[in-house]
>>> print(open('my_file.txt').read())   # compact mmCIF, C-alpha atoms and all ligand atoms
# COMPACT_ATOMS: atom_id res chain seq x y z
CA MET A 1197 -19.57 20.17 -72.54
CA PRO A 1198 -21.99 18.43 -70.18
CA LEU A 1199 -21.88 19.32 -66.48
CA VAL A 1200 -18.79 17.84 -64.88
CA ASN A 1201 -18.92 15.57 -61.81
CA GLY A 1202 -17.52 17.37 -58.77
CA PHE A 1203 -14.89 14.67 -58.22
CA HIS A 1204 -13.59 15.20 -61.74
CA LEU A 1205 -13.59 18.96 -61.32
CA ILE A 1206 -11.50 18.69 -58.14
CA ASP A 1207 -9.03 16.41 -59.95
CA LEU A 1208 -8.68 18.94 -62.77
CA ILE A 1209 -8.11 21.75 -60.27
CA LYS A 1210 -5.44 19.81 -58.39
CA GLU A 1211 -3.72 18.75 -61.61
CA ARG A 1212 -3.47 22.32 -62.80
CA LYS A 1213 -2.55 23.69 -59.36
CA VAL A 1214 -5.29 26.29 -59.55
CA VAL A 1215 -8.26 27.16 -57.34
CA ALA A 1216 -11.88 26.77 -58.39
CA GLY A 1217 -14.14 29.68 -57.65
CA ALA A 1218 -17.59 28.63 -56.44
CA PHE A 1219 -20.02 31.34 -57.40
CA ASN A 1220 -23.56 31.64 -56.08
CA THR A 1221 -26.35 32.13 -58.54
CA THR A 1222 -29.96 33.15 -58.04
CA ASN A 1223 -31.51 33.62 -61.46
CA LEU A 1224 -30.87 33.62 -65.21
CA GLU A 1225 -28.83 36.84 -65.29
CA THR A 1226 -26.47 35.81 -62.50
CA THR A 1227 -26.12 32.32 -64.02
CA ILE A 1228 -25.12 33.66 -67.43
CA GLY A 1229 -22.83 36.30 -65.91
CA ILE A 1230 -21.00 33.68 -63.84
CA LEU A 1231 -20.68 31.17 -66.68
CA ASN A 1232 -19.44 33.78 -69.19
CA ALA A 1233 -16.69 34.82 -66.78
CA VAL A 1234 -15.68 31.20 -66.11
CA GLU A 1235 -15.49 30.47 -69.83
CA LYS A 1236 -13.33 33.53 -70.40
CA SER A 1237 -11.02 32.58 -67.52
CA LYS A 1238 -10.52 29.00 -68.81
CA ILE A 1239 -10.27 27.84 -65.16
CA PRO A 1240 -12.72 25.10 -64.08
CA ALA A 1241 -15.26 26.33 -61.53
CA PHE A 1242 -18.34 25.52 -59.49
CA ILE A 1243 -21.60 27.35 -59.89
CA GLN A 1244 -23.76 26.90 -56.82
CA ILE A 1245 -27.01 27.80 -55.15
CA ALA A 1246 -28.06 27.62 -51.50
CA PRO A 1247 -31.57 26.58 -50.44
CA THR A 1248 -32.12 30.21 -49.35
CA ASN A 1249 -32.03 31.26 -53.03
CA VAL A 1250 -34.09 28.39 -54.38
CA PRO A 1251 -37.59 29.83 -53.74
CA LEU A 1252 -37.42 31.77 -57.04
CA SER A 1253 -36.42 28.97 -59.37
CA GLY A 1254 -36.53 25.61 -57.62
CA TYR A 1255 -33.58 23.28 -58.15
CA GLY A 1256 -34.89 22.18 -61.54
CA TYR A 1257 -34.73 25.49 -63.41
CA ILE A 1258 -31.25 26.20 -62.05
CA ALA A 1259 -30.02 22.77 -63.15
CA ASP A 1260 -31.62 23.16 -66.59
CA MET A 1261 -30.18 26.64 -67.14
CA VAL A 1262 -26.69 25.66 -66.10
CA LYS A 1263 -26.71 22.47 -68.18
CA ARG A 1264 -27.98 24.29 -71.25
CA TYR A 1265 -25.36 27.01 -70.99
CA ALA A 1266 -22.52 24.66 -70.08
CA ALA A 1267 -23.26 22.58 -73.19
CA ASN A 1268 -21.70 25.36 -75.28
CA MET A 1269 -18.73 25.97 -72.98
CA ASP A 1270 -15.22 24.53 -73.19
CA THR A 1271 -14.35 25.22 -69.52
CA PRO A 1272 -15.51 22.51 -67.09
CA ILE A 1273 -18.35 23.48 -64.73
CA ALA A 1274 -19.82 21.54 -61.80
CA LEU A 1275 -23.18 22.41 -60.27
CA HIS A 1276 -23.01 22.45 -56.48
CA LEU A 1277 -25.55 22.70 -53.67
CA ASP A 1278 -24.30 25.32 -51.21
CA HIS A 1279 -25.28 25.00 -47.51
CA GLY A 1280 -27.74 22.13 -47.77
CA LYS A 1281 -29.41 22.60 -44.40
CA ASP A 1282 -31.15 19.26 -44.21
CA PHE A 1283 -31.19 15.88 -45.90
CA GLN A 1284 -34.17 16.86 -48.07
CA ASN A 1285 -32.19 19.77 -49.61
CA VAL A 1286 -29.46 17.32 -50.55
CA LYS A 1287 -31.89 14.85 -52.09
CA ASP A 1288 -33.74 17.55 -54.05
CA ALA A 1289 -30.55 18.97 -55.52
CA VAL A 1290 -29.04 15.60 -56.42
CA ARG A 1291 -32.25 14.44 -58.06
CA ALA A 1292 -32.38 17.67 -60.09
CA GLY A 1293 -28.95 16.80 -61.51
CA PHE A 1294 -26.51 18.67 -59.28
CA THR A 1295 -23.03 17.17 -59.53
CA SER A 1296 -21.69 18.08 -56.08
CA VAL A 1297 -23.24 19.01 -52.72
CA MET A 1298 -22.55 20.58 -49.37
CA THR A 1299 -24.32 19.32 -46.27
CA ASP A 1300 -24.16 21.97 -43.57
CA ASN A 1301 -24.60 20.51 -40.11
CA ALA A 1302 -22.51 23.07 -38.28
CA LYS A 1303 -25.49 23.97 -36.12
CA TYR A 1304 -25.28 20.57 -34.40
CA ASP A 1305 -22.81 19.41 -31.81
CA TYR A 1306 -19.89 17.34 -33.05
CA ASP A 1307 -21.47 13.87 -32.91
CA GLU A 1308 -24.73 15.04 -34.49
CA ASN A 1309 -22.73 16.81 -37.21
CA VAL A 1310 -20.92 13.52 -37.89
CA LYS A 1311 -24.21 11.59 -38.00
CA HIS A 1312 -26.00 13.94 -40.42
CA THR A 1313 -22.95 14.37 -42.62
CA PHE A 1314 -22.50 10.60 -42.86
CA GLU A 1315 -26.14 10.23 -43.93
CA ALA A 1316 -25.62 12.69 -46.81
CA VAL A 1317 -22.34 11.04 -47.83
CA GLU A 1318 -23.98 7.59 -47.98
CA PHE A 1319 -26.81 8.95 -50.14
CA CYS A 1320 -24.45 10.73 -52.53
CA LYS A 1321 -22.25 7.64 -52.93
CA GLY A 1322 -25.09 6.08 -54.89
CA TYR A 1323 -24.90 8.98 -57.34
CA GLY A 1324 -21.10 9.11 -57.39
CA ILE A 1325 -20.87 12.74 -56.38
CA PRO A 1326 -18.70 14.43 -53.75
CA VAL A 1327 -19.91 15.89 -50.47
CA GLU A 1328 -18.56 18.96 -48.73
CA ALA A 1329 -19.17 19.45 -45.01
CA GLU A 1330 -18.31 22.11 -42.48
CA LEU A 1331 -16.36 21.57 -39.28
CA GLY A 1332 -16.47 24.49 -36.87
CA ALA A 1333 -18.95 27.26 -37.58
CA ILE A 1334 -18.30 30.03 -40.05
CA ALA A 1335 -19.63 33.22 -38.51
CA GLY A 1336 -21.80 35.81 -40.19
CA LYS A 1337 -24.86 36.02 -42.28
CA GLU A 1338 -25.54 35.15 -45.88
CA ASP A 1339 -29.07 36.20 -46.84
CA ASP A 1340 -31.22 34.52 -44.20
CA ASP A 1341 -28.69 31.76 -43.72
CA VAL A 1342 -27.56 32.42 -40.18
CA THR A 1343 -24.82 30.32 -38.73
CA GLU A 1344 -24.98 30.11 -35.00
CA GLY A 1345 -21.79 30.32 -33.06
CA ASN A 1346 -18.35 31.41 -34.08
CA GLY A 1347 -16.23 28.34 -33.55
CA MET A 1348 -12.99 27.94 -35.46
CA THR A 1349 -12.24 24.52 -36.94
CA ASP A 1350 -10.37 22.41 -34.38
CA PRO A 1351 -7.41 20.73 -36.12
CA ASP A 1352 -7.56 17.88 -33.57
CA GLN A 1353 -11.03 16.90 -34.80
CA VAL A 1354 -10.26 16.98 -38.52
CA VAL A 1355 -8.98 13.43 -39.09
CA ASP A 1356 -11.70 11.85 -36.97
CA PHE A 1357 -14.41 13.90 -38.69
CA VAL A 1358 -13.25 13.04 -42.20
CA ASN A 1359 -12.79 9.35 -41.38
CA ARG A 1360 -16.13 8.93 -39.65
CA THR A 1361 -18.18 10.84 -42.22
CA GLY A 1362 -16.34 9.87 -45.41
CA VAL A 1363 -16.68 13.48 -46.55
CA ASN A 1364 -14.78 14.52 -49.68
CA LEU A 1365 -14.23 18.25 -49.11
CA LEU A 1366 -13.87 20.11 -45.82
CA ALA A 1367 -15.13 23.67 -45.33
CA VAL A 1368 -13.06 25.35 -42.66
CA ALA A 1369 -13.70 28.18 -40.21
CA VAL A 1370 -10.37 29.97 -39.94
CA GLY A 1371 -11.41 33.59 -39.52
CA ASN A 1372 -13.48 33.72 -42.72
CA VAL A 1373 -17.00 35.09 -42.31
CA HIS A 1374 -20.17 35.14 -44.37
CA GLY A 1375 -21.51 38.39 -45.78
CA LEU A 1376 -19.97 41.83 -45.80
CA ASN A 1377 -20.80 43.07 -42.31
CA LEU A 1378 -18.00 41.47 -40.31
CA ASP A 1379 -14.25 41.88 -40.63
CA PRO A 1380 -12.64 38.65 -41.77
CA ASN A 1381 -9.05 37.92 -40.92
CA ILE A 1382 -7.60 34.60 -41.97
CA ASN A 1383 -5.59 32.75 -39.35
CA PHE A 1384 -2.99 31.22 -41.66
CA GLU A 1385 -1.29 29.39 -38.81
CA LEU A 1386 -4.53 27.53 -38.07
CA LEU A 1387 -5.18 26.93 -41.77
CA ASP A 1388 -1.71 25.43 -42.10
CA LYS A 1389 -2.28 23.12 -39.12
CA ILE A 1390 -5.54 21.89 -40.65
CA ARG A 1391 -3.98 21.46 -44.08
CA LYS A 1392 -1.19 19.29 -42.71
CA VAL A 1393 -3.55 16.77 -41.12
CA CYS A 1394 -6.60 16.88 -43.38
CA PRO A 1395 -6.94 13.87 -45.72
CA VAL A 1396 -9.22 15.78 -48.15
CA PRO A 1397 -8.98 19.14 -49.93
CA LEU A 1398 -10.23 22.30 -48.21
CA VAL A 1399 -12.94 24.82 -49.03
CA LEU A 1400 -13.04 28.47 -48.03
CA HIS A 1401 -16.41 30.14 -47.57
CA GLY A 1402 -17.12 33.85 -47.29
CA ALA A 1403 -14.49 35.13 -49.71
CA SER A 1404 -16.36 38.34 -50.50
CA GLY A 1405 -14.94 40.36 -47.65
CA ILE A 1406 -11.47 38.78 -47.51
CA PRO A 1407 -8.62 40.99 -48.80
CA ASP A 1408 -7.21 39.99 -52.20
CA ASN A 1409 -3.73 39.34 -50.82
CA GLN A 1410 -5.17 36.69 -48.45
CA ILE A 1411 -7.36 35.10 -51.14
CA SER A 1412 -4.42 34.74 -53.50
CA GLN A 1413 -2.49 32.71 -50.89
CA MET A 1414 -5.17 30.00 -50.56
CA VAL A 1415 -3.76 27.97 -53.45
CA ASN A 1416 -0.72 27.27 -51.25
CA TYR A 1417 -2.85 25.79 -48.45
CA ASP A 1418 -4.62 22.93 -50.27
CA VAL A 1419 -7.74 25.04 -50.76
CA VAL A 1420 -9.39 23.85 -53.98
CA LYS A 1421 -12.70 25.76 -53.80
CA ILE A 1422 -13.39 29.34 -52.75
CA ASN A 1423 -17.00 30.50 -52.31
CA VAL A 1424 -18.09 33.96 -53.41
CA ALA A 1425 -21.69 35.10 -53.01
CA SER A 1426 -22.21 38.53 -51.47
CA ASP A 1427 -19.94 40.40 -53.90
CA LEU A 1428 -21.92 39.07 -56.87
CA ARG A 1429 -25.24 40.00 -55.33
CA THR A 1430 -24.19 43.53 -54.48
CA ALA A 1431 -22.72 43.98 -57.98
CA TYR A 1432 -26.01 42.91 -59.55
CA ILE A 1433 -28.23 44.99 -57.26
CA LYS A 1434 -26.02 48.09 -57.62
CA ALA A 1435 -26.06 47.86 -61.42
CA VAL A 1436 -29.84 47.59 -61.54
CA GLY A 1437 -30.23 50.35 -58.93
CA LYS A 1438 -27.92 52.66 -60.88
CA ASP A 1439 -30.02 52.19 -64.00
CA TYR A 1440 -33.15 53.06 -62.09
CA VAL A 1441 -31.62 56.14 -60.49
CA SER A 1442 -30.37 57.35 -63.89
CA ASP A 1443 -33.92 57.25 -65.27
CA ASN A 1444 -36.78 56.12 -63.10
CA ASP A 1445 -39.19 56.04 -66.04
CA ARG A 1446 -37.26 53.53 -68.11
CA PHE A 1447 -39.01 50.39 -69.25
CA ASP A 1448 -36.27 48.67 -71.27
CA LEU A 1449 -35.98 45.77 -68.87
CA ILE A 1450 -33.67 43.90 -71.23
CA ASN A 1451 -30.94 46.53 -70.93
CA VAL A 1452 -31.27 46.69 -67.15
CA ALA A 1453 -31.06 42.87 -66.95
CA LEU A 1454 -28.03 42.90 -69.25
CA ASP A 1455 -26.33 45.50 -67.03
CA GLY A 1456 -26.96 43.25 -64.01
CA LYS A 1457 -25.49 40.27 -65.87
CA LYS A 1458 -22.46 42.30 -66.95
CA ALA A 1459 -21.74 43.48 -63.39
CA VAL A 1460 -21.79 39.87 -62.15
CA GLU A 1461 -19.57 38.74 -65.04
CA GLU A 1462 -16.94 41.40 -64.34
CA THR A 1463 -16.93 40.63 -60.60
CA VAL A 1464 -16.54 36.87 -61.14
CA TYR A 1465 -13.74 37.33 -63.67
CA LYS A 1466 -11.79 39.57 -61.28
CA LYS A 1467 -12.26 37.09 -58.40
CA ILE A 1468 -10.93 34.21 -60.50
CA GLN A 1469 -7.83 36.25 -61.34
CA VAL A 1470 -7.24 37.11 -57.67
CA MET A 1471 -7.68 33.49 -56.52
CA ASN A 1472 -5.09 32.27 -59.01
CA LYS A 1473 -2.55 35.05 -58.83
CA LEU A 1474 0.20 32.81 -57.48
CA SER A 1475 -0.53 29.86 -59.72
CA PRO A 1476 2.28 29.07 -62.15
CA THR A 1477 -0.13 27.50 -64.64
CA LEU A 1478 -2.61 30.35 -64.81
CA VAL A 1479 -3.95 30.82 -68.31
CA HIS A 1480 -4.90 34.39 -69.12
ZN ZN B 1 -20.94 29.56 -47.01
>>> encode(input="my_file.txt", output="structure tokens")
Amino acid sequence: MPLVNGFHLIDLIKERKVVAGAFNTTNLETTIGILNAVEKSKIPAFIQIAPTNVPLSGYGYIADMVKRYAANMDTPIALHLDHGKDFQNVKDAVRAGFTSVMTDNAKYDYDENVKHTFEAVEFCKGYGIPVEAELGAIAGKEDDDVTEGNGMTDPDQVVDFVNRTGVNLLAVAVGNVHGLNLDPNINFELLDKIRKVCPVPLVLHGASGIPDNQISQMVNYDVVKINVASDLRTAYIKAVGKDYVSDNDRFDLINVALDGKKAVEETVYKKIQVMNKLSPTLVH
């Protein structure tokens, strides 16, 4: 089917009481690995790319690849911009055909965050696509995407932030971290406080290092989207590295690329199962 609008994807997720994985791609192999796993899982999902990973492909190739592959899929897929760091990133992705975006203004103080987020929301309204924004600052490092500070989301700011920006999805900082070098520990009490007041669904970043038993509880806290990046990248790099170590004279690039794709596919499939463990409507 054609790429699905992010608003529609969120509706489908809420209707089915499942969680959408949001999986970061970089190239053709990771794109196909992610989409194969999503199709097999039958659970709607986001595929996404951050500006940090765009230097290889540009937004256009990623959009073309995803659209082409999704055309032969039965499971709904939305294409999302992850961590749009400035307004230009948002414009570039939307104009390339992305169907959902994140504007990340966590580096600013509260009022500046509101101002920049509002600007992105107004722009995306014209295209009819949802905007995700971050309140608080998720710690850690994802490639060269460094978030400064380590502020948890303040539940007292949530309603004001959503109302003033008009944002459609809220990424929370509740003990989740980016990358694999810090120890995440979800503060469920804080997550519950945020959930109770937040007028829009929640997004969890940095799921790679979070224990499975915490990930599988997210569906009960109005989390509709869970981001996974680092685990896919390490799976891909390890698979390719293993092939090289097994025979450093090999030249069958196709088999090495296929092994990388397969490692990503297996990792994504497992993550989708973990995210939806508690869902009564999970389709195996
Ligand atoms: Zn993130």
>>> residues_near_ligand(input="my_file.txt", ligand="ligand ZN 1 (chain B)", cutoff="10 Å", atoms="only C-alpha atoms and all ligand atoms", output="mmCIF file with C-alpha atoms, keeping the file's coordinate frame")
data_model
loop_
_atom_site.group_PDB
_atom_site.id
_atom_site.type_symbol
_atom_site.label_atom_id
_atom_site.label_comp_id
_atom_site.auth_asym_id
_atom_site.auth_seq_id
_atom_site.Cartn_x
_atom_site.Cartn_y
_atom_site.Cartn_z
ATOM 1 C CA ASN A 1220 -23.560 31.640 -56.080
ATOM 2 C CA ALA A 1246 -28.060 27.620 -51.500
ATOM 3 C CA ASP A 1278 -24.300 25.320 -51.210
ATOM 4 C CA HIS A 1279 -25.280 25.000 -47.510
ATOM 5 C CA MET A 1298 -22.550 20.580 -49.370
ATOM 6 C CA ASP A 1300 -24.160 21.970 -43.570
ATOM 7 C CA GLU A 1330 -18.310 22.110 -42.480
ATOM 8 C CA ALA A 1333 -18.950 27.260 -37.580
ATOM 9 C CA ILE A 1334 -18.300 30.030 -40.050
ATOM 10 C CA ALA A 1335 -19.630 33.220 -38.510
ATOM 11 C CA GLY A 1336 -21.800 35.810 -40.190
ATOM 12 C CA LYS A 1337 -24.860 36.020 -42.280
ATOM 13 C CA GLU A 1338 -25.540 35.150 -45.880
ATOM 14 C CA ASP A 1341 -28.690 31.760 -43.720
ATOM 15 C CA VAL A 1342 -27.560 32.420 -40.180
ATOM 16 C CA THR A 1343 -24.820 30.320 -38.730
ATOM 17 C CA ALA A 1367 -15.130 23.670 -45.330
ATOM 18 C CA VAL A 1368 -13.060 25.350 -42.660
ATOM 19 C CA ASN A 1372 -13.480 33.720 -42.720
ATOM 20 C CA VAL A 1373 -17.000 35.090 -42.310
ATOM 21 C CA HIS A 1374 -20.170 35.140 -44.370
ATOM 22 C CA GLY A 1375 -21.510 38.390 -45.780
ATOM 23 C CA VAL A 1399 -12.940 24.820 -49.030
ATOM 24 C CA LEU A 1400 -13.040 28.470 -48.030
ATOM 25 C CA HIS A 1401 -16.410 30.140 -47.570
ATOM 26 C CA GLY A 1402 -17.120 33.850 -47.290
ATOM 27 C CA ALA A 1403 -14.490 35.130 -49.710
ATOM 28 C CA ILE A 1422 -13.390 29.340 -52.750
ATOM 29 C CA ASN A 1423 -17.000 30.500 -52.310
ATOM 30 C CA VAL A 1424 -18.090 33.960 -53.410
ATOM 31 C CA ALA A 1425 -21.690 35.100 -53.010
#
>>> residues_around(input="my_file.txt", residues="Phe1203 in chain A", least_positions_apart="4", cutoff="8 Å", atoms="all atoms listed in the file", output="VMD selection string")
chain A and resid 1207 1296 1325 to 1326
>>> residues_near_point(input="my_file.txt", point="(-28.4, 20.3, -50.0)", cutoff="12 Å", atoms="only C-alpha atoms", output="PyMOL selection string")
chain A and resi 1244-1250+1255+1275-1292+1294-1301+1312-1313+1315-1317+1319-1320+1326-1329
>>> residues_around(input="my_file.txt", residues="Met1261 in chain A", least_positions_apart="2", cutoff="10 Å", atoms="only C-alpha atoms", output="list in words")
Asn1223, Leu1224, Thr1227, Ile1228, Gly1256, Tyr1257, Ile1258, Ala1259, Lys1263, Arg1264, Tyr1265 and Ala1266 of chain A
>>> write_last_selection(input="my_file.txt", atoms="C-alpha atoms", output="compact mmCIF listing (two decimals), in the coordinates of the input")
# COMPACT_ATOMS: atom_id res chain seq x y z
CA ASN A 1223 -31.51 33.62 -61.46
CA LEU A 1224 -30.87 33.62 -65.21
CA THR A 1227 -26.12 32.32 -64.02
CA ILE A 1228 -25.12 33.66 -67.43
CA GLY A 1256 -34.89 22.18 -61.54
CA TYR A 1257 -34.73 25.49 -63.41
CA ILE A 1258 -31.25 26.20 -62.05
CA ALA A 1259 -30.02 22.77 -63.15
CA LYS A 1263 -26.71 22.47 -68.18
CA ARG A 1264 -27.98 24.29 -71.25
CA TYR A 1265 -25.36 27.01 -70.99
CA ALA A 1266 -22.52 24.66 -70.08
>>> closest_residue(input="my_file.txt", among="A:Ala1302, A:Ala1435, A:Leu1454, A:Leu1449", to="Thr1349 in chain A", atoms="all atoms listed in the file")
A:Ala1302
>>> closest_residue(input="my_file.txt", among="A:Asn1381, A:Asn1416, A:Gln1469, A:Asn1232", to="Pro1397 in chain A", atoms="all atoms listed in the file")
A:Asn1416
>>> atom_distance(input="my_file.txt", atom1="CA of Pro1272 in chain A", atom2="CA of Pro1240 in chain A")
4.9 Å
>>> closest_residue(input="my_file.txt", among="A:Glu1235, A:Glu1211, A:Asp1455, A:Asp1408", to="Pro1380 in chain A", atoms="all atoms listed in the file")
A:Asp1408
>>> atom_distance(input="my_file.txt", atom1="CA of Glu1461 in chain A", atom2="CA of Ile1230 in chain A")
5.4 Å
>>> atom_distance(input="my_file.txt", atom1="CA of Gly1324 in chain A", atom2="CA of Asn1364 in chain A")
11.3 Å
>>> closest_residue(input="my_file.txt", among="A:Val1396, A:Val1441, A:Leu1205, A:Leu1428", to="Lys1457 in chain A", atoms="all atoms listed in the file")
A:Leu1428
>>> residues_around(input="my_file.txt", residues="Lys1392 in chain A", least_positions_apart="5", cutoff="10 Å", atoms="all atoms listed in the file", output="list in words")
Pro1351, Leu1387, Tyr1417 and Asp1418 of chain A
>>> closest_residue(input="my_file.txt", among="A:Asn1309, A:Thr1361, A:Ser1426, A:Thr1226", to="Lys1458 in chain A", atoms="all atoms listed in the file")
A:Thr1226
>>> closest_residue(input="my_file.txt", among="A:Val1200, A:Ala1453, A:Val1363, A:Ala1369", to="Val1310 in chain A", atoms="all atoms listed in the file")
A:Val1363
>>> residues_around(input="my_file.txt", residues="Pro1395 in chain A", least_positions_apart="5", cutoff="12 Å", atoms="only C-alpha atoms", output="JSON, numbers by chain")
{"A": [1351, 1354, 1355, 1356, 1357, 1358, 1359, 1362, 1363, 1364, 1365, 1366, 1390, 1418]}
>>> residues_around(input="my_file.txt", residues="Tyr1432 in chain A", least_positions_apart="6", cutoff="7 Å", atoms="only C-alpha atoms", output="list in words")
Gly1456, Lys1457, Ala1459 and Val1460 of chain A
